[in-house]
Amino acid sequence: MTIGELCRSAAHFGGTLAAFALLGACSGQPAEIAPPDPLRSPPARDAIVQSPALSPGAQTSQPSTLVKGEARVLRGEKAQALLHPIRKLRAAYSYDESGQRVDYDLEAGLVVSPEGVARAPGSAVPDFSTYAYAPGGPCEYSVLSADCARALRRCPLGGERCATEHNGTPTFWFRSEPRNPALNLNHVTYFDYEAAIAPGTIPARGVRDDIGSIVCLGDSLGTGAHTVAAFYQRQGVEPDSQSWCGLLRAALAPEITVENASIAGGNIGDIARAYDGRETIEPGVVIIAAGMNDHVAGPERLAAFETQLRNLAQSAISDGARVVFVGFFAQNPLWVEEIPSDTRVYNEKIADVARTMDAPFVDMAAAFEQAVPTHEPYYHLTGDYMHHPNNYGQRIYFSLILTYLSGGPLLANAFAPYVQGP
């Protein structure tokens, strides 16, 4: 039995004299390890192939589109492909530990090649090679912590849902103090670049013509947790302004009122109660983005989730609203609470409910897979290295949801946050 298992045993059987004797040896800082580079092989989408970058003075008749704020983490001096072929890099920036934007010297700090973009030797661009997390559970840090108690409730000794590794790499439990895994918010680099693609259009999928108001019903993803605006909360900036709902509010104002009734940490029951307590009397559209906090309960809660989801949607329909259902992407599989099969079946259930209610389903899991075809999505698209989309990830949510609210088709560049995908 390992030290970690002994510590978990002590916490589980804390009423015995031997357990109390062991508790004192079970508190300390676990050693941290570097996370893996979750490279997909082969890429998820064969159609996305990075083409050679063009020199600044090169002439070409091919169409060009300015892509803004595409997020990637760079590691060492390894090249990282962006979503589209790079014609010319225009800007590279991140956010420091006070939330200030930091722009980097494109010539001295970065190298653009047919394989993508990479840090130059000695570059000031954030290096994800310096990031680390502590494997194992919170009980190995402190058996007297609330996080340890929660871990034992969630995954008792011998529980089948206690993943200890993913693809040979040790997993982690979330720990709030000190935080583990650490935020990767400041490791993310955003790129503006000219892409060798034609300007896109936003398709017309509007669910109705007469939208006067919209209610967003989500969890912490809906509030914008671990976007720059939400985390640093600067005066005069709405904390949810970079969430998918806040982006909708800014894009559709003043013609359409958008109310954000999302609740951080909320499950489907919390979200339903938030709808009941909303300010808007007669919403034209209700967007339901649930499941991220529900699926960790496993398949045994799936039927109850479906019932509550249907009841919430029916309540909105009875109020005269059209409903848009939004799925969720897969969390970091190194987190012991992420069971990939549960993510799949909960998304399938949301899609099934949408079908039976003749309502749209926004497949965020597929969208995130396509947004970073060479890596698992959490790696580049989160701000917490777990499940909260970063600024770019939130824009992907916004872009797909927007198509169901516009009477389009519209030019994609009419909305600054819009992400032109594959």
# chains A, B, ... in the order shown; residues from 1 in each chain; ligands from 1
>>> residues_around(residues="Arg301 of chain A", least_positions_apart="3", cutoff="12 Å", atoms="only C-alpha atoms", output="PyMOL selection string")
chain A and resi 267-268+291+293-298+304-308+342+345-346+349
>>> write_last_selection(atoms="N, CA and C atoms", output="PDB file, in the first residue's frame")
ATOM      1  N   ASN A 267     -25.908  23.045 -10.821  1.00  0.00           N
ATOM      2  CA  ASN A 267     -26.330  21.866 -11.571  1.00  0.00           C
ATOM      3  C   ASN A 267     -27.694  22.165 -12.184  1.00  0.00           C
ATOM      4  N   ILE A 268     -28.315  21.191 -12.785  1.00  0.00           N
ATOM      5  CA  ILE A 268     -29.565  21.443 -13.495  1.00  0.00           C
ATOM      6  C   ILE A 268     -30.664  21.932 -12.550  1.00  0.00           C
ATOM      7  N   GLY A 291     -25.046  20.620 -17.655  1.00  0.00           N
ATOM      8  CA  GLY A 291     -24.457  19.295 -17.781  1.00  0.00           C
ATOM      9  C   GLY A 291     -23.036  19.172 -17.271  1.00  0.00           C
ATOM     10  N   ASN A 293     -21.643  20.302 -14.585  1.00  0.00           N
ATOM     11  CA  ASN A 293     -21.604  19.974 -13.164  1.00  0.00           C
ATOM     12  C   ASN A 293     -22.491  18.786 -12.812  1.00  0.00           C
ATOM     13  N   ASP A 294     -23.252  18.311 -13.776  1.00  0.00           N
ATOM     14  CA  ASP A 294     -24.147  17.173 -13.522  1.00  0.00           C
ATOM     15  C   ASP A 294     -23.503  15.841 -13.877  1.00  0.00           C
ATOM     16  N   HIS A 295     -22.699  15.823 -14.936  1.00  0.00           N
ATOM     17  CA  HIS A 295     -22.225  14.542 -15.438  1.00  0.00           C
ATOM     18  C   HIS A 295     -21.233  13.862 -14.506  1.00  0.00           C
ATOM     19  N   VAL A 296     -20.611  14.648 -13.581  1.00  0.00           N
ATOM     20  CA  VAL A 296     -19.676  14.026 -12.650  1.00  0.00           C
ATOM     21  C   VAL A 296     -20.392  13.107 -11.659  1.00  0.00           C
ATOM     22  N   ALA A 297     -21.720  13.203 -11.589  1.00  0.00           N
ATOM     23  CA  ALA A 297     -22.483  12.300 -10.717  1.00  0.00           C
ATOM     24  C   ALA A 297     -22.632  10.916 -11.336  1.00  0.00           C
ATOM     25  N   GLY A 298     -22.276  10.784 -12.614  1.00  0.00           N
ATOM     26  CA  GLY A 298     -22.285   9.479 -13.255  1.00  0.00           C
ATOM     27  C   GLY A 298     -23.609   9.086 -13.868  1.00  0.00           C
ATOM     28  N   ALA A 304     -32.521  11.378 -13.852  1.00  0.00           N
ATOM     29  CA  ALA A 304     -33.000  12.551 -13.109  1.00  0.00           C
ATOM     30  C   ALA A 304     -32.606  13.839 -13.827  1.00  0.00           C
ATOM     31  N   PHE A 305     -31.403  13.861 -14.381  1.00  0.00           N
ATOM     32  CA  PHE A 305     -30.960  15.028 -15.151  1.00  0.00           C
ATOM     33  C   PHE A 305     -31.888  15.268 -16.338  1.00  0.00           C
ATOM     34  N   GLU A 306     -32.206  14.200 -17.047  1.00  0.00           N
ATOM     35  CA  GLU A 306     -33.092  14.339 -18.210  1.00  0.00           C
ATOM     36  C   GLU A 306     -34.457  14.893 -17.806  1.00  0.00           C
ATOM     37  N   THR A 307     -35.019  14.382 -16.727  1.00  0.00           N
ATOM     38  CA  THR A 307     -36.324  14.856 -16.266  1.00  0.00           C
ATOM     39  C   THR A 307     -36.293  16.337 -15.935  1.00  0.00           C
ATOM     40  N   GLN A 308     -35.283  16.746 -15.195  1.00  0.00           N
ATOM     41  CA  GLN A 308     -35.188  18.160 -14.809  1.00  0.00           C
ATOM     42  C   GLN A 308     -34.936  19.055 -16.019  1.00  0.00           C
ATOM     43  N   ASP A 342     -18.973   9.484 -19.460  1.00  0.00           N
ATOM     44  CA  ASP A 342     -20.076  10.247 -18.873  1.00  0.00           C
ATOM     45  C   ASP A 342     -20.308  11.544 -19.644  1.00  0.00           C
ATOM     46  N   VAL A 345     -22.325  10.458 -22.772  1.00  0.00           N
ATOM     47  CA  VAL A 345     -23.731  10.068 -22.628  1.00  0.00           C
ATOM     48  C   VAL A 345     -24.597  11.241 -22.177  1.00  0.00           C
ATOM     49  N   TYR A 346     -24.050  12.163 -21.389  1.00  0.00           N
ATOM     50  CA  TYR A 346     -24.836  13.332 -20.985  1.00  0.00           C
ATOM     51  C   TYR A 346     -25.068  14.255 -22.175  1.00  0.00           C
ATOM     52  N   LYS A 349     -27.714  12.754 -24.258  1.00  0.00           N
ATOM     53  CA  LYS A 349     -29.039  12.932 -23.663  1.00  0.00           C
ATOM     54  C   LYS A 349     -29.555  14.339 -23.927  1.00  0.00           C
TER      55      LYS A 349
END
>>> residues_around(residues="Ala118 of chain A", least_positions_apart="5", cutoff="9 Å", atoms="only C-alpha atoms", output="list in words")
Leu74, Arg75, Gly76, Glu77, Lys78, Ala79, Gln80, Ala81, Gly109, Leu110, Val111, Val112 and Ser113 of chain A
>>> select_by_dssp(residues="segment 223-278 of chain A", states="strand (DSSP E or B)", output="ChimeraX atom specification")
/A:257-260
>>> write_last_selection(atoms="C-alpha atoms", output="compact mmCIF listing (two decimals), in the first residue's frame")
# COMPACT_ATOMS: atom_id res chain seq x y z
CA THR A 257 -32.03 42.44 -24.10
CA VAL A 258 -29.85 39.61 -22.78
CA GLU A 259 -30.17 38.56 -19.14
CA ASN A 260 -27.50 36.32 -17.65
>>> closest_residue(among="A:Glu279, A:Asp352, A:Asp192, A:Asp240", to="Gly222 of chain A", atoms="only C-alpha atoms")
A:Asp240
>>> residues_around(residues="segment 328-337 of chain A", least_positions_apart="6", cutoff="8 Å", atoms="only C-alpha atoms", output="ChimeraX atom specification")
/A:161-166,169-174,289-292,296,343,347,363-366,368,377-379,385-387
>>> residues_around(residues="Asp96 of chain A", least_positions_apart="2", cutoff="9 Å", atoms="only C-alpha atoms", output="PDB file with C-alpha atoms, in the first residue's frame")
ATOM      1  CA  SER A  94      -1.009  37.258 -22.987  1.00  0.00           C
ATOM      2  CA  SER A  98      -2.365  41.605 -12.583  1.00  0.00           C
ATOM      3  CA  GLY A  99      -4.580  41.081 -15.625  1.00  0.00           C
ATOM      4  CA  GLN A 100      -2.685  43.514 -17.851  1.00  0.00           C
ATOM      5  CA  ARG A 101      -2.212  42.673 -21.502  1.00  0.00           C
ATOM      6  CA  VAL A 102       1.423  42.015 -22.437  1.00  0.00           C
ATOM      7  CA  LEU A 185      -4.701  31.629 -17.358  1.00  0.00           C
ATOM      8  CA  ASN A 186      -1.356  33.450 -17.586  1.00  0.00           C
ATOM      9  CA  HIS A 187       0.274  30.730 -19.694  1.00  0.00           C
TER      10      HIS A 187
END
>>> residues_around(residues="Gln420 of chain A", least_positions_apart="4", cutoff="8 Å", atoms="only C-alpha atoms", output="number ranges by chain")
A: 67, 200, 412
>>> write_last_selection(atoms="N, CA and C atoms", output="mmCIF file, in the first residue's frame")
data_model
loop_
_atom_site.group_PDB
_atom_site.id
_atom_site.type_symbol
_atom_site.label_atom_id
_atom_site.label_comp_id
_atom_site.auth_asym_id
_atom_site.auth_seq_id
_atom_site.Cartn_x
_atom_site.Cartn_y
_atom_site.Cartn_z
ATOM 1 N N VAL A 67 -7.643 36.891 -38.374
ATOM 2 C CA VAL A 67 -8.091 36.102 -37.227
ATOM 3 C C VAL A 67 -7.556 36.786 -35.976
ATOM 4 N N GLY A 200 -15.655 34.665 -43.912
ATOM 5 C CA GLY A 200 -16.804 33.786 -43.760
ATOM 6 C C GLY A 200 -18.099 34.530 -43.516
ATOM 7 N N ALA A 412 -19.117 37.440 -41.148
ATOM 8 C CA ALA A 412 -18.551 37.072 -39.855
ATOM 9 C C ALA A 412 -17.833 38.236 -39.197
#
>>> residues_around(residues="Ala134 of chain A", least_positions_apart="6", cutoff="10 Å", atoms="only C-alpha atoms", output="VMD selection string")
chain A and resid 29 to 35 140 to 141 170 to 175 179 to 182
>>> write_last_selection(atoms="C-alpha atoms", output="short mmCIF file (atom, residue, chain, number, x, y, z; two decimals), in the first residue's frame")
data_model
loop_
_atom_site.label_atom_id
_atom_site.label_comp_id
_atom_site.auth_asym_id
_atom_site.auth_seq_id
_atom_site.Cartn_x
_atom_site.Cartn_y
_atom_site.Cartn_z
CA GLN A 29 3.26 19.28 -0.12
CA PRO A 30 3.17 16.53 -2.77
CA ALA A 31 5.86 16.74 -5.44
CA GLU A 32 4.69 18.44 -8.63
CA ILE A 33 5.12 17.05 -12.13
CA ALA A 34 4.97 18.56 -15.59
CA PRO A 35 1.75 17.82 -17.47
CA GLU A 140 -1.96 13.35 0.56
CA TYR A 141 -1.61 17.05 1.28
CA PRO A 170 -0.92 10.40 -12.88
CA THR A 171 -4.27 12.09 -12.32
CA PHE A 172 -5.09 14.80 -9.80
CA TRP A 173 -7.88 15.78 -7.46
CA PHE A 174 -8.89 19.41 -7.37
CA ARG A 175 -7.58 21.23 -4.30
CA ARG A 179 -4.92 25.56 -5.61
CA ASN A 180 -4.17 22.44 -7.62
CA PRO A 181 -3.97 22.37 -10.52
CA ALA A 182 -2.73 25.94 -10.78
#
>>> select_by_dssp(residues="segment 51-158 of chain A", states="helix (DSSP H, G or I)", output="NGL selection string")
:A and (106-109 or 128-130 or 138-140 or 146-154)
>>> closest_residue(among="A:Leu83, A:Val353, A:Ile214, A:Ala253", to="Leu309 of chain A", atoms="only C-alpha atoms")
A:Val353
>>> residues_around(residues="Ile86 of chain A", least_positions_apart="4", cutoff="7 Å", atoms="only C-alpha atoms", output="ChimeraX atom specification")
/A:53,193-196
>>> closest_residue(among="A:Asn391, A:Asp147, A:Ile288, A:Arg234", to="Ile271 of chain A", atoms="only C-alpha atoms")
A:Ile288
>>> atom_distance(atom1="atom CA of Ala204 of chain A", atom2="atom CA of Leu411 of chain A")
10.9 Å
>>> atom_distance(atom1="atom CA of Asn167 of chain A", atom2="atom CA of Arg150 of chain A")
25.2 Å
>>> closest_residue(among="A:Asp319, A:His380, A:Gly408, A:Gly137", to="Arg154 of chain A", atoms="only C-alpha atoms")
A:Gly137
